[in-house]
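Peer 1: I'm passing along upload39.cif; it holds mmCIF, C-alpha atoms.
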data_work
loop_
_atom_site.label_atom_id
_atom_site.label_comp_id
_atom_site.auth_asym_id
_atom_site.auth_seq_id
_atom_site.Cartn_x
_atom_site.Cartn_y
_atom_site.Cartn_z
CA MET A 1 4.59 289.83 390.68
CA PRO A 2 6.56 286.77 391.97
CA TYR A 3 9.06 287.34 389.14
CA ILE A 4 9.64 290.89 390.35
CA GLY A 5 10.39 289.62 393.86
CA VAL A 6 12.85 287.06 392.59
CA GLY A 7 14.53 289.69 390.45
CA LEU A 8 14.92 292.03 393.41
CA HIS A 9 16.48 289.25 395.50
CA VAL A 10 19.01 288.58 392.77
CA LEU A 11 19.81 292.28 392.36
CA VAL A 12 20.38 292.65 396.10
CA ALA A 13 22.61 289.56 396.11
CA LEU A 14 24.55 290.99 393.15
CA PHE A 15 25.03 294.30 394.98
CA PHE A 16 26.45 292.52 398.02
CA ALA A 17 28.60 290.28 395.81
CA ILE A 18 30.20 293.37 394.26
CA HIS A 19 30.74 294.77 397.75
CA ALA A 20 32.37 291.48 398.82
CA VAL A 21 34.76 291.45 395.86
CA ARG A 22 35.72 295.12 396.20
CA HIS A 23 36.43 294.76 399.91
CA GLY A 24 38.36 291.52 399.64
CA ARG A 25 35.84 289.39 401.51
CA GLU A 26 36.23 285.60 401.59
CA LEU A 27 35.04 283.89 398.40
CA TYR A 28 32.57 281.69 400.24
CA TRP A 29 30.36 284.77 400.59
CA LEU A 30 29.77 284.71 396.83
CA MET A 31 28.54 281.13 397.06
CA ILE A 32 26.23 282.00 399.97
CA LEU A 33 24.84 285.07 398.21
CA PHE A 34 23.98 283.30 394.96
CA LEU A 35 22.94 279.94 396.38
CA PHE A 36 20.59 281.64 398.86
CA PRO A 37 19.76 285.09 397.39
CA LEU A 38 17.37 286.13 400.17
CA LEU A 39 18.83 284.48 403.27
CA GLY A 40 22.40 285.00 402.09
CA SER A 41 21.79 288.71 401.55
CA VAL A 42 20.24 289.12 405.00
CA VAL A 43 23.18 287.34 406.68
CA TYR A 44 25.74 289.31 404.65
CA PHE A 45 23.99 292.58 405.45
CA PHE A 46 24.15 292.07 409.22
CA ALA A 47 27.46 290.19 409.40
CA VAL A 48 29.55 292.21 406.94
CA PHE A 49 27.96 295.15 405.16
CA LEU A 50 26.32 297.07 408.01
CA PRO A 51 29.29 296.88 410.44
CA SER A 52 31.60 298.15 407.68
CA THR A 53 29.50 301.27 407.13
CA ARG A 54 30.06 302.57 410.70
CA ILE A 55 26.32 303.25 410.98
CA GLU A 56 25.24 303.70 414.57
CA HIS A 57 24.24 300.72 416.67
CA GLY A 58 20.63 301.91 416.72
CA VAL A 59 20.26 301.36 412.97
CA ARG A 60 21.40 297.77 413.27
CA LYS A 61 18.95 297.08 416.08
CA THR A 62 16.07 298.80 414.27
CA MET A 63 16.54 296.85 411.05
CA HIS A 64 17.06 293.61 412.91
CA ALA A 65 13.79 294.19 414.80
CA ALA A 66 12.00 294.94 411.54
CA VAL A 67 13.12 291.65 409.98
CA LYS A 68 12.02 289.71 413.08
CA THR A 69 8.64 291.45 413.07
CA LEU A 70 7.97 290.60 409.44
CA ASP A 71 8.66 286.89 409.95
CA PRO A 72 10.18 285.94 413.30
CA GLY A 73 12.21 282.78 413.05
CA ARG A 74 12.25 282.59 409.27
CA GLY A 75 16.00 283.08 408.98
CA LEU A 76 16.69 280.29 411.45
CA ARG A 77 14.17 277.97 409.82
CA ASP A 78 15.64 278.51 406.39
CA ALA A 79 19.21 278.14 407.61
CA GLN A 80 18.40 274.91 409.46
CA LYS A 81 16.59 273.50 406.42
CA GLU A 82 19.48 274.27 404.08
CA PHE A 83 22.01 272.79 406.49
CA ASP A 84 19.93 269.64 406.94
CA LEU A 85 19.75 269.22 403.17
CA VAL A 86 23.36 270.16 402.41
CA PRO A 87 25.58 270.14 405.54
CA THR A 88 28.46 272.14 404.06
CA ALA A 89 30.83 274.46 405.91
CA GLN A 90 29.16 277.47 404.30
CA ASN A 91 25.71 276.37 405.42
CA GLN A 92 26.96 275.71 408.93
CA MET A 93 28.37 279.23 409.12
CA VAL A 94 25.00 280.66 408.06
CA LEU A 95 23.25 278.44 410.60
CA ALA A 96 25.57 279.58 413.40
CA ALA A 97 24.87 283.23 412.58
CA ALA A 98 21.13 282.53 412.44
CA TYR A 99 21.17 280.92 415.89
CA LEU A 100 23.08 283.90 417.27
CA ALA A 101 20.59 286.33 415.74
CA ALA A 102 17.75 284.29 417.27
CA GLY A 103 19.33 284.48 420.73
CA ASP A 104 20.11 280.75 421.03
CA THR A 105 23.69 281.28 422.17
CA ALA A 106 24.31 277.63 423.11
CA GLN A 107 23.58 276.42 419.58
CA ALA A 108 25.44 279.37 418.10
CA VAL A 109 28.57 278.48 420.10
CA HIS A 110 28.22 274.83 419.10
CA HIS A 111 28.03 275.54 415.38
CA TYR A 112 30.69 278.23 415.44
CA ASP A 113 33.05 275.83 417.22
CA ILE A 114 32.60 273.37 414.37
CA CYS A 115 33.23 276.17 411.86
CA LEU A 116 36.45 277.04 413.70
CA GLN A 117 37.71 273.55 412.93
CA GLY A 118 36.72 273.63 409.26
CA PRO A 119 38.20 275.05 406.06
CA PHE A 120 37.22 278.63 406.98
CA ALA A 121 38.59 278.47 410.53
CA HIS A 122 40.68 281.61 410.07
CA ALA A 123 38.01 283.68 408.32
CA GLY A 124 37.45 286.96 410.15
CA ASP A 125 33.66 286.72 409.91
CA ILE A 126 33.59 283.33 411.60
CA ARG A 127 36.05 284.25 414.33
CA LEU A 128 34.25 287.47 415.18
CA GLY A 129 30.89 285.72 415.18
CA ALA A 130 32.25 282.92 417.35
CA ALA A 131 33.68 285.44 419.81
CA ASN A 132 30.37 287.29 419.97
CA ALA A 133 28.50 284.02 420.55
CA ARG A 134 30.84 283.03 423.37
CA LEU A 135 30.59 286.44 424.99
CA MET A 136 26.78 286.32 424.88
CA HIS A 137 26.88 282.77 426.25
CA GLY A 138 28.94 283.80 429.26
CA GLN A 139 32.26 282.44 427.99
CA ALA A 140 34.26 285.65 428.23
CA ALA A 141 37.67 283.96 428.41
CA GLY A 142 37.01 282.08 425.17
CA ALA A 143 35.89 285.31 423.49
CA ILE A 144 39.10 287.04 424.60
CA ASP A 145 41.24 284.27 423.12
CA LEU A 146 39.46 284.49 419.77
CA LEU A 147 39.52 288.27 419.60
CA THR A 148 43.18 288.68 420.56
CA ALA A 149 44.17 286.08 417.97
CA LEU A 150 42.00 287.77 415.33
CA ARG A 151 43.55 291.17 416.07
CA GLN A 152 47.07 289.78 415.92
CA GLU A 153 46.59 287.90 412.66
CA GLN A 154 44.16 290.29 410.90
CA PRO A 155 44.63 293.76 412.42
CA ALA A 156 42.66 295.47 409.63
CA TYR A 157 39.55 293.35 410.11
CA GLN A 158 36.74 295.47 411.67
CA PRO A 159 39.09 296.96 414.31
CA GLU A 160 36.41 299.04 416.03
CA GLN A 161 34.04 296.12 416.48
CA VAL A 162 36.87 293.87 417.65
CA SER A 163 37.95 296.50 420.17
CA LEU A 164 34.42 296.96 421.53
CA LEU A 165 33.80 293.24 421.91
CA LEU A 166 37.21 292.73 423.49
CA ALA A 167 36.54 295.46 426.06
CA GLN A 168 33.18 293.89 426.91
CA ALA A 169 34.83 290.48 427.23
CA TYR A 170 37.51 291.88 429.53
CA ALA A 171 34.85 293.48 431.73
CA ASN A 172 32.79 290.27 431.88
CA ALA A 173 35.92 288.34 432.81
CA GLY A 174 36.63 290.70 435.69
CA ARG A 175 39.65 292.28 434.00
CA GLN A 176 38.48 295.85 434.56
CA GLN A 177 41.85 297.51 434.00
CA ASP A 178 42.23 295.82 430.62
CA ALA A 179 38.66 296.78 429.73
CA GLY A 180 39.32 300.42 430.60
CA GLU A 181 42.55 300.56 428.64
CA GLU A 182 40.88 298.97 425.62
CA LEU A 183 37.97 301.42 425.68
CA ALA A 184 40.25 304.41 426.23
CA ALA A 185 42.37 303.39 423.23
CA ALA A 186 39.27 302.78 421.12
CA THR A 187 37.81 306.16 422.09
CA SER A 188 41.01 307.88 421.02
CA ARG A 189 41.32 305.91 417.79
CA PHE A 190 37.71 305.74 416.58
CA GLY A 191 35.73 308.27 418.60
CA SER A 192 32.35 306.84 417.67
CA MET A 193 29.37 307.59 419.89
CA GLU A 194 28.93 303.89 420.68
CA ILE A 195 32.51 303.58 421.92
CA LYS A 196 32.26 306.79 423.96
CA ALA A 197 29.03 305.64 425.57
CA GLU A 198 30.47 302.24 426.46
CA TYR A 199 33.52 303.94 427.96
CA ALA A 200 31.38 306.29 430.04
CA ILE A 201 29.21 303.45 431.33
CA TRP A 202 32.23 301.27 432.09
CA ALA A 203 34.00 304.08 433.96
CA LEU A 204 30.90 304.75 436.05
CA GLN A 205 30.46 301.08 436.94
CA ALA A 206 34.18 300.77 437.71
CA GLY A 207 33.96 303.65 440.18
CA GLN A 208 36.11 306.00 438.09
CA ARG A 209 33.72 308.94 438.26
CA ASP A 210 36.07 311.58 436.92
CA LYS A 211 36.51 309.64 433.68
CA ALA A 212 32.80 308.84 433.58
CA ASP A 213 31.81 312.48 434.04
CA THR A 214 34.26 313.66 431.39
CA ALA A 215 33.05 311.12 428.82
CA HIS A 216 29.40 311.78 429.67
CA ALA A 217 29.87 315.54 429.32
CA GLU A 218 31.41 315.09 425.86
CA ILE A 219 28.50 312.92 424.80
CA LYS A 220 25.90 315.42 426.06
CA GLN A 221 27.71 318.22 424.25
CA ALA A 222 27.60 316.27 420.99
CA MET A 223 23.93 315.41 421.52
CA LYS A 224 23.04 319.09 421.49
CA TYR A 225 23.66 319.11 417.74
CA TRP A 226 21.72 315.93 416.96
CA ASN A 227 18.58 316.23 414.89
CA LYS A 228 15.44 314.19 415.54
CA HIS A 229 16.52 311.46 413.15
CA THR A 230 19.89 310.99 414.84
CA LYS A 231 18.23 310.93 418.26
CA SER A 232 15.80 308.31 417.03
CA LEU A 233 18.60 306.12 415.69
CA ASN A 234 20.44 306.37 419.00
CA ARG A 235 17.37 305.94 421.21
CA ASP A 236 18.60 302.74 422.86
CA LEU A 237 22.06 304.18 423.42
CA ILE A 238 20.59 307.28 425.07
CA LYS A 239 18.36 305.11 427.24
CA ARG A 240 21.33 303.06 428.45
CA LEU A 241 23.29 306.20 429.28
CA ASN A 242 20.40 307.82 431.11
CA SER A 243 19.72 304.62 433.03
CA ALA A 244 23.37 304.29 434.07
CA PHE A 245 23.86 307.89 435.15
CA SER A 246 20.44 308.42 436.72
CA GLY A 247 21.37 305.98 439.47
CA ARG A 248 24.34 308.01 440.63
CA ALA A 249 24.49 309.09 444.21
#
Using structure tokens, write down the structure that the file contains.
Peer 2:
Amino acid sequence: MPYIGVGLHVLVALFFAIHAVRHGRELYWLMILFLFPLLGSVVYFFAVFLPSTRIEHGVRKTMHAAVKTLDPGRGLRDAQKEFDLVPTAQNQMVLAAAYLAAGDTAQAVHHYDICLQGPFAHAGDIRLGAANARLMHGQAAGAIDLLTALRQEQPAYQPEQVSLLLAQAYANAGRQQDAGEELAAATSRFGSMEIKAEYAIWALQAGQRDKADTAHAEIKQAMKYWNKHTKSLNRDLIKRLNSAFSGRA
């Protein structure tokens, strides 16, 4: 039975390696996938593969929760162990992502900052991860700098995710007009439910009720055609919307 498990890990790593090559990902991902078949595949899945599929945010949260339930802290333990043994740039990137996934934003920012000074400083994965870590750590201005530079230099790199994070960073930095313009542009360009929901919530909190009501009405209209599975995947998104709009005067 152990041989079957090892074989499955290798097959999963091979699948993600093919995905990385076909989509022009940085070559260091191949090293991570085959040096650490299990941990590397988990990191690649959440950092690269899942965002590129445009699957709803609820799927990402559900699968992330499942991994944490099976063995909470394992990813961070393994990443720390590998970095302690071999402190390479690749291992530091994996460690930074593991700290971010574990909610330790201070350590995530620390390790991402080191990555931003290393040989992969301009890699889209690292810059997006570093921006996310800074945003979660309350460093909105730093996140804005990273995201605007990433968009300017690599406009094709995960544009929807970059737009969403940038809008959130603008809002956290008190730049509400920029946040609204970013979300409006993203809604027009991508039209995903996550973007529409964030726009509706932002507009409500910014006191722009006409825009909030319009966006909310569009979302409710779309929700009429959701099946039980889609509603389940978007449970957290629906809860956030209901919570935001239930408090209206």
Peer 1: So which one's closest to Thr214 (chain A), A:Ala140, A:Tyr199, A:Tyr157, A:Arg134? Using only C-alpha atoms, please.
Peer 2: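 Ranking A:Ala140, A:Tyr199, A:Tyr157, A:Arg134 by distance to Thr214 (chain A), first place goes to A:Tyr199.
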Peer 1: Tell me which residues the PyMOL selection byres ((chain A and resi 103-113) around 8) grabs here, as a VMD selection string.
Peer 2: chain A and resid 92 to 93 95 to 102 114 to 117 126 129 to 130 133 to 134 136 to 137
Peer 1: Could you please determine the separation between CA of Arg209 (chain A) and CA of Leu164 (chain A) in Å, to one decimal place?
Peer 2: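 Interatomic distance here is 20.6 Å.
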Peer 1: Taking the file above as input, evaluate the PyMOL selection byres ((chain A and resi 215) around 9) and report the hits as a PDB file with C-alpha atoms, in the coordinates of the input.
Peer 2:
ATOM      1  CA  LYS A 196      32.260 306.790 423.960  1.00  0.00           C
ATOM      2  CA  ALA A 197      29.030 305.640 425.570  1.00  0.00           C
ATOM      3  CA  TYR A 199      33.520 303.940 427.960  1.00  0.00           C
ATOM      4  CA  ALA A 200      31.380 306.290 430.040  1.00  0.00           C
ATOM      5  CA  ILE A 201      29.210 303.450 431.330  1.00  0.00           C
ATOM      6  CA  ALA A 203      34.000 304.080 433.960  1.00  0.00           C
ATOM      7  CA  ASP A 210      36.070 311.580 436.920  1.00  0.00           C
ATOM      8  CA  LYS A 211      36.510 309.640 433.680  1.00  0.00           C
ATOM      9  CA  ALA A 212      32.800 308.840 433.580  1.00  0.00           C
ATOM     10  CA  ASP A 213      31.810 312.480 434.040  1.00  0.00           C
ATOM     11  CA  THR A 214      34.260 313.660 431.390  1.00  0.00           C
ATOM     12  CA  HIS A 216      29.400 311.780 429.670  1.00  0.00           C
ATOM     13  CA  ALA A 217      29.870 315.540 429.320  1.00  0.00           C
ATOM     14  CA  GLU A 218      31.410 315.090 425.860  1.00  0.00           C
ATOM     15  CA  ILE A 219      28.500 312.920 424.800  1.00  0.00           C
ATOM     16  CA  LYS A 220      25.900 315.420 426.060  1.00  0.00           C
TER      17      LYS A 220
END
Peer 1: Which distance in Å separates CA of Gly207 (chain A) and CA of Glu194 (chain A), to one decimal?
Peer 2: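 Between CA of Gly207 (chain A) and CA of Glu194 (chain A) the gap is 20.1 Å.
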Peer 1: With only C-alpha atoms as the counted atoms, please give the residues lying no more than 9 Å from region 28-34 of chain A, apart from itself and same-chain residues fewer than 3 positions off, as a PyMOL selection string.
Peer 2: chain A and resi 10+13-14+16-17+20-21+25+37-41+43-44+90-91+94+120
Peer 1: Find, counting all atoms listed in the file, the residue in A:Leu76, A:Gln161, A:Ala123, A:Gln152 that gets nearest to Ala89 (chain A).
Peer 2: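 Closest to Ala89 (chain A) of all the choices is A:Ala123.
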Peer 1: What does the distance between CA of Glu182 (chain A) and CA of Ala167 (chain A) come to in Å, to one decimal place?
Peer 2: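 We find that CA of Glu182 (chain A) and CA of Ala167 (chain A) lie 5.6 Å from each other.
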Peer 1: Of the residues A:Gly180, A:Gly191, A:Pro87, A:Gly73, which is the one nearest to Gln168 (chain A), using all atoms listed in the file?
Peer 2: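 That would be A:Gly180, the residue with the smallest distance to Gln168 (chain A).
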Peer 1: Kindly resolve the PyMOL selection byres ((chain A and resi 173) around 12) on the present coordinates and return the residues as a list in words.
Peer 2: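 What the PyMOL selection byres ((chain A and resi 173) around 12) grabs from the file is Arg134, Leu135, Gly138, Gln139, Ala140, Ala141, Gly142, Ala143, Ile144, Asp145, Leu166, Ala167, Gln168, Ala169, Tyr170, Ala171, Asn172, Gly174, Arg175, Gln176, Gln177, Asp178 and Ala179 of chain A.
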Peer 1: Between A:Leu165, A:Ala184, A:Ile18, A:Leu128, single out the one closest to Leu150 (chain A), counting only C-alpha atoms.
Peer 2: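 Between A:Leu165, A:Ala184, A:Ile18, A:Leu128, the residue approaching Leu150 (chain A) most closely is A:Leu128.
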Peer 1: Residues near Phe190 (chain A), anyone? I mean within 10 Å using all atoms listed in the file, not counting same-chain ones fewer than 6 positions away, as a PyMOL selection string.
Peer 2: chain A and resi 159-160+163+196
